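To be precise, the following lines are final00.cif, and they hold mmCIF, C-alpha atoms.
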data_query
#
loop_
_atom_site.label_atom_id
_atom_site.label_comp_id
_atom_site.auth_asym_id
_atom_site.auth_seq_id
_atom_site.Cartn_x
_atom_site.Cartn_y
_atom_site.Cartn_z
CA MET A 1 0.00 0.00 0.00
CA GLN A 2 1.44 3.31 -1.02
CA LYS A 3 1.90 6.07 1.45
CA GLN A 4 -0.01 8.43 -0.79
CA GLY A 5 -2.99 6.13 -0.81
CA GLN A 6 -2.87 5.87 2.92
CA PHE A 7 -3.08 9.60 3.27
CA SER A 8 -5.99 10.11 0.96
CA ILE A 9 -7.89 7.21 2.45
CA THR A 10 -7.33 8.68 5.87
CA LEU A 11 -8.60 12.05 4.66
CA VAL A 12 -11.64 10.49 3.15
CA CYS A 13 -12.21 8.54 6.32
CA VAL A 14 -12.22 11.78 8.29
CA ILE A 15 -14.86 13.19 6.00
CA LEU A 16 -16.77 9.94 6.22
CA GLY A 17 -16.62 10.12 9.99
CA ILE A 18 -17.98 13.64 10.01
CA MET A 19 -20.80 12.62 7.71
CA LEU A 20 -21.56 9.60 9.83
CA ALA A 21 -21.75 11.61 13.00
CA VAL A 22 -23.91 14.29 11.43
CA GLN A 23 -26.21 11.71 9.92
CA PHE A 24 -26.43 9.91 13.22
CA ARG A 25 -27.42 13.07 14.97
CA THR A 26 -29.90 14.03 12.29
CA THR A 27 -31.59 10.67 12.50
CA GLN A 28 -31.84 11.06 16.23
CA ASP A 29 -33.25 14.54 15.74
CA ILE A 30 -35.89 13.18 13.44
CA ARG A 31 -36.89 10.52 15.92
CA SER A 32 -37.26 12.97 18.74
CA SER A 33 -38.48 15.86 16.63
CA VAL A 34 -41.83 17.37 17.37
CA GLN A 35 -42.99 16.87 13.81
CA TYR A 36 -42.23 13.17 13.77
CA GLN A 37 -43.80 12.58 17.14
CA ARG A 38 -46.73 14.74 16.30
CA ALA A 39 -47.28 12.91 13.05
CA GLU A 40 -47.35 9.60 14.86
CA ASP A 41 -49.56 10.99 17.57
CA LEU A 42 -51.93 12.55 15.09
CA THR A 43 -52.10 9.40 13.02
CA GLN A 44 -53.22 7.45 16.04
CA ARG A 45 -55.67 10.08 17.04
CA LEU A 46 -57.04 10.24 13.51
CA MET A 47 -57.62 6.53 13.48
CA GLN A 48 -59.33 6.71 16.81
CA VAL A 49 -61.52 9.59 15.73
CA GLU A 50 -62.41 7.84 12.51
CA LYS A 51 -63.47 4.79 14.43
CA GLU A 52 -65.52 6.97 16.73
CA ARG A 53 -67.05 8.74 13.78
CA SER A 54 -68.21 5.57 12.09
CA LEU A 55 -69.65 4.43 15.37
CA LEU A 56 -71.56 7.66 15.79
CA GLU A 57 -72.69 7.51 12.18
CA ASN A 58 -74.21 4.12 12.79
CA GLN A 59 -75.86 5.48 15.87
CA VAL A 60 -77.29 8.40 13.94
CA ARG A 61 -78.65 6.07 11.30
CA ASP A 62 -80.24 3.86 13.90
CA LEU A 63 -81.74 6.77 15.74
CA ARG A 64 -83.02 8.29 12.55
CA GLN A 65 -84.73 5.07 11.64
CA ILE A 66 -86.33 4.83 15.04
CA SER A 67 -87.41 8.43 14.98
CA THR A 68 -88.90 8.21 11.49
CA ASN A 69 -90.89 5.26 12.69
CA ASP A 70 -91.93 6.91 15.86
CA ALA A 71 -91.61 10.44 17.04
CA VAL A 72 -91.49 12.33 13.77
CA THR A 73 -94.38 10.54 12.17
CA LYS A 74 -96.41 10.94 15.29
CA ASP A 75 -95.53 14.61 15.40
CA LEU A 76 -96.43 15.08 11.78
CA GLU A 77 -99.67 13.22 12.21
CA ASN A 78 -100.63 15.35 15.21
CA THR A 79 -99.79 18.52 13.34
CA LYS A 80 -101.85 17.45 10.35
CA MET A 81 -104.77 16.56 12.53
CA GLY A 82 -104.51 19.85 14.33
CA ALA A 83 -104.30 21.75 11.07
CA GLY A 84 -107.35 19.95 9.80
CA VAL A 85 -105.91 18.69 6.54
CA VAL A 86 -106.81 15.06 7.13
CA PRO A 87 -110.29 13.61 7.52
CA LEU A 88 -111.03 12.47 11.02
CA GLN A 89 -113.50 10.15 12.64
CA GLY A 90 -114.36 9.27 16.15
CA ALA A 91 -116.98 9.47 18.82
CA GLY A 92 -118.72 12.80 19.20
CA VAL A 93 -121.96 14.71 18.80
CA ILE A 94 -123.97 16.01 15.92
CA VAL A 95 -125.78 19.25 16.63
CA THR A 96 -128.47 20.24 14.21
CA VAL A 97 -129.62 23.83 14.33
CA ASP A 98 -132.54 25.11 12.36
CA ASP A 99 -134.47 28.31 12.13
CA THR A 100 -137.59 28.88 14.07
CA LYS A 101 -140.62 27.23 12.57
CA PRO A 102 -142.82 28.90 11.79
CA ALA A 103 -140.54 31.78 11.01
CA ALA A 104 -141.23 34.51 13.49
CA PRO A 105 -144.23 34.76 15.78
CA ALA A 106 -146.88 36.89 14.22
CA GLY A 107 -146.55 40.49 15.22
CA SER A 108 -143.00 40.29 16.49
CA LYS A 109 -141.23 43.57 16.09
CA ASN A 110 -137.91 42.15 15.06
CA PRO A 111 -138.17 38.91 13.09
CA ASN A 112 -134.39 38.86 12.70
CA LEU A 113 -134.07 37.82 16.30
CA TYR A 114 -135.66 34.54 15.39
CA LEU A 115 -133.12 33.74 12.71
CA ILE A 116 -129.91 32.00 13.41
CA LYS A 117 -127.00 34.38 13.59
CA ASP A 118 -123.32 33.81 13.66
CA GLU A 119 -123.40 34.65 17.35
CA ASP A 120 -125.60 31.67 18.04
CA ILE A 121 -123.39 29.30 16.10
CA LEU A 122 -120.29 30.80 17.70
CA LYS A 123 -121.77 30.26 21.13
CA ILE A 124 -122.38 26.63 20.29
CA LEU A 125 -118.87 26.25 18.88
CA ASN A 126 -117.39 27.93 21.88
CA GLU A 127 -119.28 25.64 24.20
CA LEU A 128 -118.20 22.59 22.23
CA ARG A 129 -114.58 23.65 22.33
CA ALA A 130 -114.78 24.34 26.03
CA GLY A 131 -116.21 20.88 26.37
CA GLY A 132 -113.12 19.40 24.82
CA ALA A 133 -114.07 18.98 21.19
CA GLU A 134 -111.02 17.95 19.20
CA ALA A 135 -112.31 18.77 15.74
CA ILE A 136 -115.41 20.52 14.49
CA ALA A 137 -117.13 20.87 11.12
CA ILE A 138 -120.21 22.81 10.08
CA ASN A 139 -122.13 21.38 7.15
CA ASN A 140 -119.01 19.44 6.22
CA GLN A 141 -116.84 22.54 6.32
CA ARG A 142 -113.99 21.70 8.60
CA LEU A 143 -113.15 24.42 11.05
CA ILE A 144 -109.48 25.30 11.16
CA ALA A 145 -107.56 28.06 12.88
CA SER A 146 -108.36 30.63 10.21
CA SER A 147 -111.98 29.63 9.62
CA GLU A 148 -114.51 32.37 10.02
CA VAL A 149 -118.09 31.94 11.14
CA ARG A 150 -120.00 34.95 10.04
CA THR A 151 -123.48 35.86 8.94
CA ALA A 152 -123.65 36.75 5.30
CA GLY A 153 -127.19 37.84 4.55
CA SER A 154 -129.37 34.89 5.31
CA PHE A 155 -126.42 32.53 5.00
CA LEU A 156 -123.55 31.63 7.18
CA SER A 157 -120.06 32.09 5.75
CA VAL A 158 -117.58 29.40 6.83
CA ASN A 159 -114.25 28.94 5.06
CA ASN A 160 -115.56 31.45 2.50
CA MET A 161 -118.43 29.11 1.70
CA ASN A 162 -122.02 30.16 2.18
CA LEU A 163 -123.97 27.67 4.21
CA ALA A 164 -127.72 27.58 4.54
CA THR A 165 -129.96 26.22 7.25
CA PRO A 166 -130.19 23.70 8.70
CA TYR A 167 -126.71 23.75 10.13
CA GLU A 168 -125.24 20.48 11.12
CA ILE A 169 -122.35 20.89 13.52
CA LYS A 170 -120.27 17.78 13.98
CA ALA A 171 -117.76 17.61 16.76
CA ILE A 172 -115.39 14.86 17.81
CA GLY A 173 -114.85 14.55 21.51
CA ASP A 174 -116.32 12.90 24.54
CA PRO A 175 -120.03 12.68 23.54
CA VAL A 176 -121.41 12.92 27.03
CA THR A 177 -119.28 15.89 28.00
CA LEU A 178 -120.07 17.70 24.78
CA GLU A 179 -123.80 17.17 25.13
CA ASN A 180 -123.75 18.26 28.74
CA ALA A 181 -121.77 21.33 27.82
CA LEU A 182 -124.51 22.38 25.45
CA LYS A 183 -127.42 21.38 27.66
CA ILE A 184 -126.17 23.01 30.82
CA ARG A 185 -128.91 24.94 32.61
CA GLY A 186 -128.95 28.52 31.46
CA GLY A 187 -126.55 27.51 28.74
CA VAL A 188 -126.53 28.03 25.05
CA MET A 189 -129.29 25.55 24.20
CA GLU A 190 -131.71 26.99 26.64
CA THR A 191 -131.06 30.44 25.33
CA LEU A 192 -131.54 29.39 21.74
CA GLN A 193 -134.64 27.41 22.49
CA PHE A 194 -136.05 30.47 24.21
CA TRP A 195 -136.01 32.09 20.81
CA GLY A 196 -137.59 29.08 19.27
CA ILE A 197 -134.52 27.97 17.42
CA GLN A 198 -134.46 24.26 17.03
CA VAL A 199 -131.38 22.65 18.41
CA ILE A 200 -131.02 18.92 18.39
CA VAL A 201 -128.01 17.23 19.96
CA LYS A 202 -127.33 13.67 19.05
CA GLN A 203 -124.54 11.54 20.42
CA SER A 204 -122.81 9.35 17.88
CA ALA A 205 -120.21 6.63 18.13
CA THR A 206 -118.65 7.53 14.81
CA VAL A 207 -118.64 11.08 13.60
CA GLU A 208 -116.81 11.62 10.33
CA LEU A 209 -115.26 14.98 9.60
CA PRO A 210 -113.92 15.91 6.17
CA ALA A 211 -110.53 17.49 5.66
CA PHE A 212 -110.09 21.20 5.10
CA LYS A 213 -110.27 21.58 1.35
CA GLY A 214 -108.87 25.06 0.92
CA THR A 215 -105.26 26.06 0.54
CA PHE A 216 -103.04 27.80 3.01
CA ARG A 217 -101.69 31.09 1.84
CA PHE A 218 -99.33 33.15 3.95
CA GLN A 219 -98.66 36.57 2.54
CA TYR A 220 -97.64 38.39 5.69
CA ALA A 221 -96.81 35.67 8.13
CA LYS A 222 -93.30 34.25 8.10
CA PRO A 223 -91.64 31.83 10.49
CA VAL A 224 -89.43 33.48 13.07
CA GLN A 225 -85.89 33.17 11.78
CA ASP A 226 -83.66 32.87 14.81
CA GLY A 227 -84.20 29.36 16.04
CA GLY A 228 -87.85 29.84 16.74
CA LYS A 229 -87.62 27.42 19.60
CA MET B 1 -4.69 -0.04 8.01
CA VAL B 2 -4.25 1.98 11.16
CA PHE B 3 -4.51 5.42 9.66
CA PRO B 4 -7.92 5.03 7.99
CA ILE B 5 -9.45 3.79 11.23
CA LEU B 6 -7.76 6.58 13.14
CA GLY B 7 -9.07 9.04 10.57
CA LEU B 8 -12.58 7.65 10.99
CA MET B 9 -12.33 8.13 14.74
CA VAL B 10 -11.15 11.69 14.34
CA GLY B 11 -13.92 12.37 11.85
CA LEU B 12 -16.53 10.97 14.21
CA LEU B 13 -15.24 13.13 17.02
CA ILE B 14 -15.24 16.22 14.85
CA GLY B 15 -18.70 15.48 13.59
CA THR B 16 -20.01 14.89 17.11
CA PHE B 17 -18.73 18.20 18.42
CA LEU B 18 -19.32 20.17 15.23
CA PRO B 19 -22.30 22.47 15.71
CA VAL B 20 -23.60 21.52 12.26
CA SER B 21 -27.09 20.13 11.97
CA MET B 22 -28.67 18.78 8.83
CA PRO B 23 -32.17 19.93 8.01
CA ILE B 24 -34.47 16.96 8.29
CA GLU B 25 -35.54 17.18 4.65
CA TYR B 26 -31.98 16.51 3.54
CA ALA B 27 -31.38 13.51 5.78
CA LYS B 28 -32.31 11.18 2.95
CA TYR B 29 -29.71 12.68 0.60
CA LEU B 30 -27.03 12.60 3.22
CA SER B 31 -27.70 8.98 4.02
CA VAL B 32 -27.33 7.99 0.38
CA ALA B 33 -24.22 10.11 -0.02
CA LEU B 34 -22.88 8.49 3.09
CA LEU B 35 -23.38 5.04 1.67
CA ALA B 36 -21.73 6.10 -1.58
CA SER B 37 -18.72 7.40 0.34
CA LEU B 38 -18.57 4.21 2.31
CA ASP B 39 -18.56 2.30 -0.94
CA SER B 40 -15.77 4.51 -2.27
CA VAL B 41 -13.67 3.98 0.80
CA PHE B 42 -14.04 0.23 0.61
CA GLY B 43 -13.32 0.40 -3.10
CA GLY B 44 -10.18 2.36 -2.33
CA LEU B 45 -9.11 -0.13 0.30
CA ARG B 46 -9.69 -2.93 -2.15
CA ALA B 47 -7.71 -1.21 -4.83
CA GLY B 48 -4.98 -0.53 -2.29
CA SER B 49 -4.89 -4.15 -1.26
CA GLU B 50 -4.74 -5.21 -4.88
CA GLY B 51 -1.93 -2.82 -5.46
CA LYS B 52 -3.55 -0.73 -8.15
CA PHE B 53 -4.62 2.23 -6.08
CA ASP B 54 -4.84 5.49 -8.01
CA ASN B 55 -5.14 8.56 -5.87
CA LEU B 56 -6.92 10.67 -8.47
CA VAL B 57 -9.42 7.96 -9.31
CA PHE B 58 -10.08 7.41 -5.64
CA MET B 59 -10.63 11.07 -4.75
CA THR B 60 -12.80 11.83 -7.75
CA GLY B 61 -14.71 8.61 -7.25
CA PHE B 62 -15.40 9.48 -3.67
CA PHE B 63 -16.90 12.89 -4.39
CA THR B 64 -18.68 12.08 -7.64
CA ASN B 65 -20.23 8.95 -6.15
CA ALA B 66 -21.54 10.88 -3.18
CA LEU B 67 -22.86 13.77 -5.25
CA LEU B 68 -24.31 11.52 -7.91
CA ALA B 69 -26.12 9.42 -5.35
CA ALA B 70 -27.63 12.46 -3.70
CA GLY B 71 -28.52 13.91 -7.09
CA LEU B 72 -30.15 10.64 -8.13
CA VAL B 73 -32.33 10.64 -5.06
CA TYR B 74 -33.28 14.26 -5.68
CA ILE B 75 -34.26 13.54 -9.28
CA GLY B 76 -36.15 10.46 -8.20
CA GLU B 77 -38.09 12.50 -5.70
CA ARG B 78 -38.90 15.04 -8.39
CA ILE B 79 -40.20 12.55 -10.93
CA GLY B 80 -41.89 10.34 -8.39
CA ILE B 81 -39.66 7.28 -8.57
CA ASP B 82 -38.02 6.06 -5.42
CA LEU B 83 -34.47 6.01 -6.76
CA TYR B 84 -33.46 6.21 -3.12
CA TYR B 85 -33.82 2.47 -2.82
CA VAL B 86 -31.99 1.86 -6.08
CA ALA B 87 -29.00 3.80 -4.80
CA LEU B 88 -29.16 2.06 -1.45
CA LEU B 89 -29.29 -1.35 -3.08
CA THR B 90 -26.47 -0.69 -5.51
CA PHE B 91 -24.08 0.83 -3.04
CA GLY B 92 -24.96 -1.67 -0.38
CA LEU B 93 -24.19 -4.54 -2.74
CA ARG B 94 -20.94 -2.99 -3.77
CA VAL B 95 -19.88 -2.42 -0.18
CA PHE B 96 -20.36 -6.07 0.56
CA GLN B 97 -18.61 -7.07 -2.63
CA ASN B 98 -15.58 -4.92 -1.83
CA LEU B 99 -15.58 -6.17 1.70
CA ALA B 100 -15.55 -9.75 0.46
CA ILE B 101 -12.63 -9.10 -1.87
CA ILE B 102 -10.65 -7.39 0.89
CA ARG B 103 -11.36 -10.30 3.17
CA HIS B 104 -10.20 -12.76 0.52
CA TYR B 105 -7.07 -10.75 0.03
CA PHE B 106 -6.19 -10.76 3.70
CA LEU B 107 -7.00 -14.43 4.06
CA LYS B 108 -4.82 -15.39 1.09
CA ARG B 109 -1.88 -13.45 2.37
#
How does the structure come out when it is put into structure tokens?
Amino acid sequence: MQKQGQFSITLVCVILGIMLAVQFRTTQDIRSSVQYQRAEDLTQRLMQVEKERSLLENQVRDLRQISTNDAVTKDLENTKMGAGVVPLQGAGVIVTVDDTKPAAPAGSKNPNLYLIKDEDILKILNELRAGGAEAIAINNQRLIASSEVRTAGSFLSVNNMNLATPYEIKAIGDPVTLENALKIRGGVMETLQFWGIQVIVKQSATVELPAFKGTFRFQYAKPVQDGGK
Amino acid sequence: MVFPILGLMVGLLIGTFLPVSMPIEYAKYLSVALLASLDSVFGGLRAGSEGKFDNLVFMTGFFTNALLAAGLVYIGERIGIDLYYVALLTFGLRVFQNLAIIRHYFLKR
């Protein structure tokens, strides 16, 4: 081995040693570096979170299925029934109201008093509602929140439809309670009968009410934006 | 055979106490360059043991091998091929080859 070769190999070995040491330290730096550790940490956390997520997703799906079968449908059904857009049936009363016959007693000063007015019908409706009626219809016009009951000439305007006598008021509720509510002493029936208006209350096991046939139009009303709950 | 090992020791000491730190991104290049240098050193030892050592060839080989290896890895990273492993494999094989020849030489003597 030449001396020259020895020298250059030694020189190169020094450089090699430096490189080795630096590389060694760098590798150690990487191992203990925040980035490396963080990456490992985050990878584990990500896996854990993903597992958790899929678990929760399953839970959400299950709950949604349950709720669609149960709470939401029930809620929707109740809302529809309350809004009056579905036909209903159930036990209740049928109240038939007709004008005085014969019309007005001869010589009465105000024959209008002997005709049925919206006030009379409203009194009956009010009494029925107080008695716990769940749904009411007059001459197959379902009463909803925006329904009016108003005298229009010799007719009665309900849901913008003109109804003529005799008026048949159907109400679903406890039949006995509803009848008693109307027939209470000094109540609405007595008052009406005083004027000769014929009021007949009939309990029925199955009263069928039609759905509200109109459309809902909201020009001014808007849902409250912020949460609303 | 004493001087190279002594030189390695000195280099290690210098490197340990040198306040030089490689950025982590370049660790890959350095490792390949390191292997290339190692290969060159063993090649030089082999040549020396065979009696056909050429100083110029050895020195140029040492630096070009190291630079080429690092450059290869860089290009590989750019074009999406892991040439890193190719360099590792090649130089690793050659280190073992050289080592074997040196061993044979010493055993025969």
- Expansion of the PyMOL selection byres ((chain A) within 10 of (chain B)) into residues, as a PyMOL selection string: chain A and resi 1-2+4-27+29-30+33
Segment 15-24 of chain B: axis-aligned bounding box, 4 Å on each side, centre and edge lengths in Å, one decimal, as JSON:
{"center_x": -26.6, "center_y": 18.7, "center_z": 13.2, "size_x": 23.8, "size_y": 15.6, "size_z": 18.4}
- Message: List the spatial neighbours of Asp174 of chain A as a list in words - criterion: any atom at most 12 Å away, only C-alpha atoms, same-chain residues fewer than 2 positions off excluded.
- Response: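 Neighbouring residues, sequence-local ones excluded: Gly90, Ala91, Gly92, Val93, Ile94, Leu128, Arg129, Ala130, Gly131, Gly132, Ala133, Glu134, Ala135, Ala171, Ile172, Val176, Thr177, Leu178, Glu179, Asn180, Ala181, Gln203, Ser204, Ala205, Thr206 and Val207 of chain A.
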- Message: When the PyMOL selection byres ((chain A and resi 140) around 10) is applied to the structure above, which residues does it catch, written out as a count of residues only?
- Response: 17
- Task: Counting all atoms listed in the file, figure out which residue out of A:Leu46, A:Ile121, A:Met189, A:Val149 gets nearest to Pro166 of chain A.
- Result: A:Ile121
- Message: Rounded to one decimal, what separation in Å do you get between atom CA of Val34 of chain A and atom CA of Tyr85 of chain B?
- Response: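 Atom CA of Tyr85 of chain B lies at a distance of 26.3 Å from atom CA of Val34 of chain A.
Closest to Arg103 of chain B among B:Ala66, B:Val73, B:Arg46, B:Ala87 is B:Arg46, based on only C-alpha atoms.
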- Provide the atom CA of Glu119 of chain A to atom CA of Gln193 of chain A distance in Å, to one decimal place.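 Separation of atom CA of Glu119 of chain A and atom CA of Gln193 of chain A: 14.3 Å.
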- Between atom CA of Val201 of chain A and atom CA of Lys183 of chain A, what is the distance, to one decimal in Å?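 Going from atom CA of Val201 of chain A over to atom CA of Lys183 of chain A covers 8.8 Å.
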